[in-house]
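Listing of target-v2.csv; format and content: CSV, C-alpha atoms.
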```
chain,number,residue,atom,x,y,z
T,72,MET,CA,7.0,4.9,22.1
T,73,VAL,CA,5.5,7.4,24.5
T,74,HIS,CA,1.8,8.3,24.3
T,75,GLY,CA,-0.1,11.5,24.8
T,76,LEU,CA,-2.8,13.0,27.0
T,77,MET,CA,-5.8,10.7,27.8
T,78,GLY,CA,-3.9,7.9,26.1
T,79,GLN,CA,-2.0,4.8,26.8
T,80,LEU,CA,0.2,2.3,25.0
T,81,ARG,CA,-2.6,0.8,23.0
T,82,ASN,CA,-2.7,4.0,21.0
T,83,PHE,CA,0.5,2.6,19.4
T,84,SER,CA,-0.3,-1.2,19.5
T,85,HIS,CA,-3.7,-0.7,17.7
T,86,SER,CA,-2.2,-0.1,14.2
T,87,LEU,CA,1.4,1.0,14.2
T,88,ALA,CA,3.7,-1.0,16.5
T,89,GLY,CA,3.2,-4.4,14.9
T,90,ARG,CA,4.3,-3.1,11.6
T,91,LEU,CA,7.7,-2.2,13.1
T,92,ALA,CA,8.0,-5.1,15.4
T,93,ALA,CA,8.5,-7.4,12.4
T,94,ASP,CA,12.1,-6.3,12.3
T,95,HIS,CA,12.7,-4.0,15.3
T,96,ARG,CA,12.4,-4.3,19.0
T,97,VAL,CA,9.5,-2.0,19.9
T,98,VAL,CA,9.0,-0.9,23.5
T,99,LEU,CA,5.6,0.6,24.5
T,100,VAL,CA,5.0,2.3,27.8
T,101,ASP,CA,2.1,3.6,29.8
T,102,ARG,CA,3.1,7.0,31.2
T,103,PRO,CA,2.7,7.3,35.0
T,104,GLY,CA,-1.0,7.4,35.9
T,105,TRP,CA,-2.2,6.2,32.5
T,106,GLY,CA,-3.3,2.8,31.2
T,107,HIS,CA,-2.5,0.1,33.7
T,108,SER,CA,0.3,2.1,35.4
T,109,SER,CA,0.1,3.2,39.0
T,110,ILE,CA,1.6,6.2,40.9
T,111,HIS,CA,3.3,6.2,44.3
T,112,GLY,CA,4.0,9.5,45.8
T,113,ALA,CA,3.6,12.9,44.1
T,114,ARG,CA,2.1,13.0,40.7
T,115,PRO,CA,4.9,13.6,38.2
T,116,GLY,CA,5.1,16.4,35.6
T,117,ILE,CA,6.7,16.3,32.2
T,118,VAL,CA,10.3,16.6,33.4
T,119,VAL,CA,9.9,14.0,36.1
T,120,GLN,CA,8.2,11.6,33.7
T,121,ALA,CA,11.2,12.1,31.3
T,122,LYS,CA,13.5,11.0,34.2
T,123,MET,CA,11.3,8.0,34.7
T,124,ILE,CA,11.5,7.0,31.0
T,125,ALA,CA,15.3,7.5,31.2
T,126,ALA,CA,15.4,5.2,34.2
T,127,LEU,CA,13.4,2.6,32.2
T,128,ILE,CA,15.8,2.8,29.2
T,129,GLU,CA,18.7,2.2,31.6
T,130,GLN,CA,16.9,-0.7,33.4
T,131,LEU,CA,16.1,-2.4,30.1
T,132,GLU,CA,19.6,-1.8,29.0
T,133,LEU,CA,18.4,-0.4,25.7
T,134,ASP,CA,21.2,0.7,23.4
T,135,LYS,CA,20.3,4.3,22.5
T,136,PRO,CA,16.8,3.7,21.1
T,137,LEU,CA,14.9,6.1,18.9
T,138,LEU,CA,12.4,7.7,21.2
T,139,VAL,CA,8.9,8.1,19.5
T,140,GLY,CA,6.6,10.6,21.2
T,141,HIS,CA,3.0,11.3,20.3
T,142,SER,CA,1.2,14.5,21.4
T,143,LEU,CA,2.1,15.2,25.0
T,144,GLY,CA,4.4,12.3,24.8
T,145,GLY,CA,6.4,14.5,22.4
T,146,ALA,CA,6.9,17.0,25.2
T,147,VAL,CA,8.2,14.2,27.6
T,148,SER,CA,10.5,13.0,24.8
T,149,LEU,CA,11.9,16.5,24.3
T,150,ALA,CA,12.5,16.8,28.1
T,151,LEU,CA,14.4,13.6,28.1
T,152,ALA,CA,16.6,14.6,25.1
T,153,LEU,CA,17.5,17.9,26.8
T,154,ASP,CA,18.5,16.3,30.1
T,155,ARG,CA,19.8,12.8,29.0
T,156,PRO,CA,20.9,13.1,25.4
T,157,ASP,CA,23.3,10.2,26.0
T,158,LEU,CA,20.5,7.7,26.3
T,159,VAL,CA,18.8,8.2,22.9
T,160,ARG,CA,19.9,8.2,19.3
T,161,GLY,CA,17.2,10.7,18.3
T,162,LEU,CA,13.5,11.7,18.6
T,163,ALA,CA,10.7,11.0,16.2
T,164,LEU,CA,7.8,13.2,17.3
T,165,ILE,CA,4.3,12.6,16.0
T,166,ALA,CA,1.9,15.5,16.3
T,167,PRO,CA,3.9,16.6,19.4
T,168,LEU,CA,3.0,19.2,22.0
T,169,SER,CA,6.2,21.2,21.7
T,170,GLN,CA,5.2,24.8,22.4
T,171,VAL,CA,3.2,26.7,25.1
T,172,VAL,CA,-0.5,26.4,24.2
T,173,GLU,CA,-2.4,29.2,25.8
T,174,THR,CA,-5.9,27.8,25.4
T,175,ALA,CA,-6.6,24.1,26.1
T,176,PRO,CA,-7.8,22.2,23.1
T,177,ALA,CA,-11.6,22.1,23.0
T,178,PRO,CA,-11.9,18.3,23.6
T,179,PHE,CA,-9.9,18.6,26.8
T,180,LYS,CA,-11.5,21.7,28.4
T,181,GLY,CA,-13.6,19.6,30.7
T,182,LEU,CA,-10.3,18.6,32.5
T,183,LEU,CA,-9.6,22.2,33.7
T,184,ALA,CA,-11.0,21.7,37.2
T,185,PRO,CA,-9.4,23.5,40.1
T,186,PRO,CA,-7.0,21.1,41.9
T,187,VAL,CA,-9.2,21.2,45.1
T,188,LEU,CA,-12.2,19.9,43.1
T,189,ARG,CA,-10.3,17.4,41.0
T,190,PRO,CA,-10.8,14.3,43.3
T,191,VAL,CA,-14.5,15.1,43.9
T,192,LEU,CA,-15.2,15.4,40.1
T,193,ALA,CA,-13.1,12.4,39.3
T,194,TRP,CA,-15.2,10.1,41.6
T,195,THR,CA,-18.6,11.6,40.9
T,196,VAL,CA,-19.5,13.2,37.5
T,197,ALA,CA,-16.4,12.6,35.4
T,198,VAL,CA,-17.2,9.0,34.5
T,199,PRO,CA,-20.9,9.4,33.6
T,200,VAL,CA,-20.1,12.6,31.7
T,201,GLY,CA,-17.2,10.9,29.9
T,202,LEU,CA,-19.4,8.0,28.9
T,203,ARG,CA,-22.1,10.3,27.6
T,204,ASN,CA,-19.7,12.6,25.7
T,205,GLY,CA,-17.2,10.0,24.7
T,206,PRO,CA,-18.1,9.5,21.1
T,207,ARG,CA,-18.3,13.3,20.5
T,208,THR,CA,-15.0,13.8,22.3
T,209,ALA,CA,-13.2,11.0,20.3
T,210,ALA,CA,-14.6,12.4,17.0
T,211,ALA,CA,-13.1,15.8,17.9
T,212,ILE,CA,-9.7,14.4,18.7
T,213,PHE,CA,-9.6,12.2,15.6
T,214,ALA,CA,-11.0,14.8,13.2
T,215,PRO,CA,-11.0,14.9,10.3
T,216,ASP,CA,-10.2,11.2,10.3
T,217,PRO,CA,-12.9,8.7,11.5
T,218,VAL,CA,-12.6,7.0,14.9
T,219,PRO,CA,-12.0,3.2,14.3
T,220,THR,CA,-15.0,1.2,15.5
T,221,ASP,CA,-12.7,-1.0,17.7
T,222,PHE,CA,-10.8,1.9,19.2
T,223,ALA,CA,-12.6,1.7,22.6
T,224,LEU,CA,-11.2,-1.7,23.2
T,225,ALA,CA,-8.3,-2.4,20.8
T,226,GLY,CA,-7.1,1.2,21.0
T,227,GLY,CA,-7.7,1.6,24.7
T,228,GLY,CA,-10.1,4.4,24.4
T,229,ALA,CA,-12.3,3.1,27.1
T,230,LEU,CA,-9.4,3.4,29.6
T,231,ALA,CA,-9.7,7.2,29.4
T,232,VAL,CA,-13.1,7.1,31.1
T,233,ARG,CA,-12.0,6.3,34.6
T,234,PRO,CA,-11.4,8.5,37.7
T,235,LYS,CA,-7.6,7.9,37.6
T,236,SER,CA,-7.5,9.1,34.0
T,237,TYR,CA,-9.5,12.2,34.8
T,238,MET,CA,-7.1,12.9,37.7
T,239,ALA,CA,-4.0,12.5,35.5
T,240,GLY,CA,-5.4,14.5,32.6
T,241,SER,CA,-6.5,17.4,34.8
T,242,PHE,CA,-3.1,17.5,36.5
T,243,GLU,CA,-1.2,17.4,33.2
T,244,LEU,CA,-3.4,20.0,31.4
T,245,ARG,CA,-2.9,22.5,34.3
T,246,THR,CA,0.8,22.0,34.8
T,247,VAL,CA,1.9,21.7,31.2
T,248,PRO,CA,2.1,25.4,30.2
T,249,ALA,CA,4.7,26.3,32.8
T,250,GLU,CA,6.8,23.3,32.0
T,251,MET,CA,6.6,23.9,28.3
T,252,ALA,CA,7.7,27.5,28.8
T,253,ALA,CA,10.9,26.2,30.5
T,254,LEU,CA,11.5,23.5,27.8
T,255,THR,CA,11.1,25.8,24.8
T,256,ALA,CA,13.6,28.2,26.2
T,257,ARG,CA,16.2,25.4,25.9
T,258,TYR,CA,15.5,24.1,22.4
T,259,GLY,CA,18.8,25.6,21.2
T,260,GLU,CA,20.6,23.1,23.4
T,261,VAL,CA,19.1,20.0,21.8
T,262,ARG,CA,21.9,17.9,20.4
T,263,VAL,CA,20.1,14.8,19.1
T,264,PRO,CA,18.4,14.4,15.7
T,265,VAL,CA,14.8,15.4,15.9
T,266,ALA,CA,12.2,14.6,13.2
T,267,ILE,CA,8.6,15.8,13.4
T,268,LEU,CA,5.5,14.4,11.7
T,269,TYR,CA,2.2,16.3,11.6
T,270,GLY,CA,-1.2,15.9,10.0
T,271,ARG,CA,-2.1,19.0,8.0
T,272,SER,CA,-5.6,19.0,9.4
T,273,ASP,CA,-4.8,18.4,13.0
T,274,ALA,CA,-7.7,19.8,15.0
T,275,VAL,CA,-6.1,19.4,18.5
T,276,LEU,CA,-2.6,21.0,18.1
T,277,ASP,CA,-1.6,23.6,15.6
T,278,PRO,CA,0.9,22.1,13.1
T,279,GLU,CA,2.4,25.5,12.4
T,280,LEU,CA,3.0,26.3,16.0
T,281,ASN,CA,4.0,22.9,17.4
T,282,GLY,CA,5.5,21.6,14.2
T,283,GLN,CA,7.1,24.2,11.9
T,284,ARG,CA,8.0,26.7,14.7
T,285,THR,CA,9.6,23.9,16.7
T,286,ALA,CA,11.5,22.5,13.8
T,287,ALA,CA,12.9,26.0,13.2
T,288,GLU,CA,14.0,26.4,16.9
T,289,ILE,CA,15.7,23.0,17.2
T,290,PRO,CA,19.1,22.7,15.4
T,291,GLY,CA,18.8,20.4,12.5
T,292,ALA,CA,15.2,19.4,13.1
T,293,THR,CA,13.1,18.3,10.2
T,294,ILE,CA,9.3,18.3,9.7
T,295,GLU,CA,7.0,16.4,7.4
T,296,LEU,CA,3.3,17.1,6.8
T,297,ILE,CA,0.9,14.5,5.6
T,298,ASP,CA,-2.9,14.3,5.2
T,299,GLY,CA,-4.7,13.5,8.4
T,300,GLY,CA,-5.5,14.7,11.9
T,301,HIS,CA,-4.0,14.2,15.4
T,302,MET,CA,-4.2,10.5,15.9
T,303,LEU,CA,-1.8,9.5,13.1
T,304,PRO,CA,-0.5,6.3,14.8
T,305,VAL,CA,-4.1,5.0,14.6
T,306,THR,CA,-5.5,6.5,11.5
T,307,ARG,CA,-2.5,6.7,9.2
T,308,PRO,CA,-0.3,3.8,10.3
T,309,ALA,CA,1.1,3.1,6.8
T,310,GLU,CA,2.3,6.7,6.3
T,311,THR,CA,3.6,6.9,9.9
T,312,GLU,CA,5.5,3.6,9.5
T,313,ALA,CA,7.0,4.8,6.2
T,314,TRP,CA,8.1,8.1,7.9
T,315,LEU,CA,9.6,6.2,10.9
T,316,ARG,CA,11.5,3.9,8.6
T,317,ARG,CA,12.9,6.9,6.7
T,318,VAL,CA,14.0,8.4,10.1
T,319,LEU,CA,15.7,5.1,11.0
T,320,ARG,CA,17.4,4.9,7.6
T,321,GLN,CA,18.8,8.4,8.0
T,322,ASP,CA,20.1,7.4,11.4
T,323,LEU,CA,21.8,4.4,9.8
T,324,GLN,CA,23.5,6.6,7.3
T,325,ALA,CA,24.5,9.1,9.9
T,326,THR,CA,26.1,6.5,12.1
T,327,GLY,CA,28.0,4.9,9.2
T,328,GLY,CA,26.1,1.7,9.3
T,329,ALA,CA,25.7,1.1,13.0
T,330,LEU,CA,22.7,-1.1,13.6
T,331,THR,CA,19.5,0.6,14.7
T,332,ASP,CA,17.2,-2.0,16.1
T,333,THR,CA,15.2,-0.4,18.9
T,334,VAL,CA,12.2,2.0,18.7
```
The structure in this file should be written as structure tokens.
Amino acid sequence: MVHGLMGQLRNFSHSLAGRLAADHRVVLVDRPGWGHSSIHGARPGIVVQAKMIAALIEQLELDKPLLVGHSLGGAVSLALALDRPDLVRGLALIAPLSQVVETAPAPFKGLLAPPVLRPVLAWTVAVPVGLRNGPRTAAAIFAPDPVPTDFALAGGGALAVRPKSYMAGSFELRTVPAEMAALTARYGEVRVPVAILYGRSDAVLDPELNGQRTAAEIPGATIELIDGGHMLPVTRPAETEAWLRRVLRQDLQATGGALTDTV
């Protein structure tokens, strides 16, 4: 499971992962620069992060897992499927960033600092401003669903209010459009099954652009819409689990009964 912008693996462990771990192996990762991960060398973009996830799959010797990507994690998952389709059995994309978004979503516009100012802002005003605006920002990202009262700790929300998170978020928000333009041009090459889940009331990413349009551009892709906003793994865990299990069952049928045990 690969998380999105300003997130980390607790976005999945808060409500969703445990439901699947009862009968599947579930692997959660912090993308480079997020959560408790660290970066050595140049900060990686979407394609390089996909290569890093691919290397992890090989290192853990996972047998073609289903790759679950939420939000910007969906873009990373798509990049991996395009370059290393041999490593995964398919993609399950939850509210994915999958198209070029010309205007940054409102809750993230504060990250659009020029690169030269990024370190200064990260280590001066980013944390106090983030603490002050945190509840309002979280409400905008979760809308129209409520933010769980324990999300700051159990969901890892507090980890977003750190200099390293501001640095990572600002970098990704500025570099994503060009990388997405290159990825979308290759969607006709996708050769693994792709399933997309979107909340009808997503206030961060447009379900029609990033969901329906993408499903139409990727051969054989499917899309399902449910009630809810952008943070479906947290706010709609039962519905998201049911959808993931349907995706896994479809894989089981398509492979003629081969065991699907890794997410």
Near T:Thr285, counting only C-alpha atoms, which residues have an atom at most 8 Å away, once you skip same-chain residues fewer than 5 positions from it, shown as number ranges by chain?
T: 169-170, 280
Can you measure atom CA of T:Ala210 to atom CA of T:Ser108 for me? One decimal in Å is fine.
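Taking atom CA of T:Ala210 as the start and atom CA of T:Ser108 as the end point, the length is 25.8 Å.
If you look at atom CA of T:Thr246 and atom CA of T:Gly78, they are 17.2 Å away from each other.
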In Å, how far is it from atom CA of T:Val198 to atom CA of T:Gly227?
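These two atoms are separated by 15.5 Å.
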Got a sec: who's within 12 Å of T:Glu310, counting only C-alpha atoms, leaving out chain neighbours fewer than 5 positions off, as a list of chain:residue names?
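Selected residues are T:Ser86, T:Leu87, T:Arg90, T:Ile165, T:Leu268, T:Tyr269, T:Gly270, T:Glu295, T:Leu296, T:Ile297, T:Asp298, T:Gly299, T:Leu303, T:Pro304, T:Val305, T:Leu315, T:Arg316, T:Arg317.
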Write the selection just made, keeping C-alpha atoms, as an mmCIF file, in the frame of the given file?
```
data_model
loop_
_atom_site.group_PDB
_atom_site.id
_atom_site.type_symbol
_atom_site.label_atom_id
_atom_site.label_comp_id
_atom_site.auth_asym_id
_atom_site.auth_seq_id
_atom_site.Cartn_x
_atom_site.Cartn_y
_atom_site.Cartn_z
ATOM 1 C CA SER T 86 -2.200 -0.100 14.200
ATOM 2 C CA LEU T 87 1.400 1.000 14.200
ATOM 3 C CA ARG T 90 4.300 -3.100 11.600
ATOM 4 C CA ILE T 165 4.300 12.600 16.000
ATOM 5 C CA LEU T 268 5.500 14.400 11.700
ATOM 6 C CA TYR T 269 2.200 16.300 11.600
ATOM 7 C CA GLY T 270 -1.200 15.900 10.000
ATOM 8 C CA GLU T 295 7.000 16.400 7.400
ATOM 9 C CA LEU T 296 3.300 17.100 6.800
ATOM 10 C CA ILE T 297 0.900 14.500 5.600
ATOM 11 C CA ASP T 298 -2.900 14.300 5.200
ATOM 12 C CA GLY T 299 -4.700 13.500 8.400
ATOM 13 C CA LEU T 303 -1.800 9.500 13.100
ATOM 14 C CA PRO T 304 -0.500 6.300 14.800
ATOM 15 C CA VAL T 305 -4.100 5.000 14.600
ATOM 16 C CA LEU T 315 9.600 6.200 10.900
ATOM 17 C CA ARG T 316 11.500 3.900 8.600
ATOM 18 C CA ARG T 317 12.900 6.900 6.700
#
```
Hey, what's within 6 Å of stretch 123-137 of chain T if we count all atoms listed in the file and toss same-chain stuff fewer than 6 positions away? As a PDB file with C-alpha atoms, in the frame of the given file, please?
```
ATOM      1  CA  LEU T 158      20.500   7.700  26.300  1.00  0.00           C
ATOM      2  CA  VAL T 159      18.800   8.200  22.900  1.00  0.00           C
ATOM      3  CA  ARG T 160      19.900   8.200  19.300  1.00  0.00           C
ATOM      4  CA  GLY T 161      17.200  10.700  18.300  1.00  0.00           C
ATOM      5  CA  LEU T 162      13.500  11.700  18.600  1.00  0.00           C
ATOM      6  CA  THR T 333      15.200  -0.400  18.900  1.00  0.00           C
ATOM      7  CA  VAL T 334      12.200   2.000  18.700  1.00  0.00           C
TER       8      VAL T 334
END
```
From the set T:Pro115, T:Gly106, T:Pro167, T:Pro190, which residue has the shortest atom-to-atom contact distance to T:Val232, counting all atoms listed in the file?
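Once distances to T:Val232 are computed over all atoms listed in the file, the minimum belongs to T:Gly106.
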Could N, CA and C atoms be built for stretch 190-205 of chain T and written out as an mmCIF file, keeping the file's coordinate frame?
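Wrote rebuild.cif, looks like this:
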```cif
data_model
loop_
_atom_site.group_PDB
_atom_site.id
_atom_site.type_symbol
_atom_site.label_atom_id
_atom_site.label_comp_id
_atom_site.auth_asym_id
_atom_site.auth_seq_id
_atom_site.Cartn_x
_atom_site.Cartn_y
_atom_site.Cartn_z
ATOM 1 N N PRO T 190 -10.425 15.649 42.798
ATOM 2 C CA PRO T 190 -10.800 14.300 43.300
ATOM 3 C C PRO T 190 -12.342 14.142 43.348
ATOM 4 N N VAL T 191 -13.052 15.196 43.752
ATOM 5 C CA VAL T 191 -14.500 15.100 43.900
ATOM 6 C C VAL T 191 -15.122 14.837 42.494
ATOM 7 N N LEU T 192 -14.698 15.603 41.495
ATOM 8 C CA LEU T 192 -15.200 15.400 40.100
ATOM 9 C C LEU T 192 -14.838 14.073 39.570
ATOM 10 N N ALA T 193 -13.606 13.655 39.833
ATOM 11 C CA ALA T 193 -13.100 12.400 39.300
ATOM 12 C C ALA T 193 -13.970 11.219 39.735
ATOM 13 N N TRP T 194 -14.429 11.272 40.989
ATOM 14 C CA TRP T 194 -15.200 10.100 41.600
ATOM 15 C C TRP T 194 -16.664 10.330 41.581
ATOM 16 N N THR T 195 -17.152 11.402 40.941
ATOM 17 C CA THR T 195 -18.600 11.600 40.900
ATOM 18 C C THR T 195 -19.083 11.739 39.444
ATOM 19 N N VAL T 196 -18.872 12.910 38.844
ATOM 20 C CA VAL T 196 -19.500 13.200 37.500
ATOM 21 C C VAL T 196 -18.578 12.853 36.357
ATOM 22 N N ALA T 197 -17.276 12.707 36.576
ATOM 23 C CA ALA T 197 -16.400 12.600 35.400
ATOM 24 C C ALA T 197 -16.672 11.336 34.587
ATOM 25 N N VAL T 198 -16.939 10.204 35.231
ATOM 26 C CA VAL T 198 -17.200 9.000 34.500
ATOM 27 C C VAL T 198 -18.507 9.018 33.717
ATOM 28 N N PRO T 199 -19.645 9.347 34.366
ATOM 29 C CA PRO T 199 -20.900 9.400 33.600
ATOM 30 C C PRO T 199 -20.866 10.451 32.476
ATOM 31 N N VAL T 200 -20.249 11.603 32.738
ATOM 32 C CA VAL T 200 -20.100 12.600 31.700
ATOM 33 C C VAL T 200 -19.231 12.134 30.575
ATOM 34 N N GLY T 201 -18.146 11.463 30.955
ATOM 35 C CA GLY T 201 -17.200 10.900 29.900
ATOM 36 C C GLY T 201 -17.898 9.879 29.079
ATOM 37 N N LEU T 202 -18.705 9.021 29.678
ATOM 38 C CA LEU T 202 -19.400 8.000 28.900
ATOM 39 C C LEU T 202 -20.421 8.642 27.953
ATOM 40 N N ARG T 203 -21.108 9.674 28.427
ATOM 41 C CA ARG T 203 -22.100 10.300 27.600
ATOM 42 C C ARG T 203 -21.460 11.099 26.438
ATOM 43 N N ASN T 204 -20.361 11.775 26.721
ATOM 44 C CA ASN T 204 -19.700 12.600 25.700
ATOM 45 C C ASN T 204 -18.610 11.914 24.942
ATOM 46 N N GLY T 205 -18.317 10.660 25.322
ATOM 47 C CA GLY T 205 -17.200 10.000 24.700
ATOM 48 C C GLY T 205 -17.126 9.940 23.232
#
```
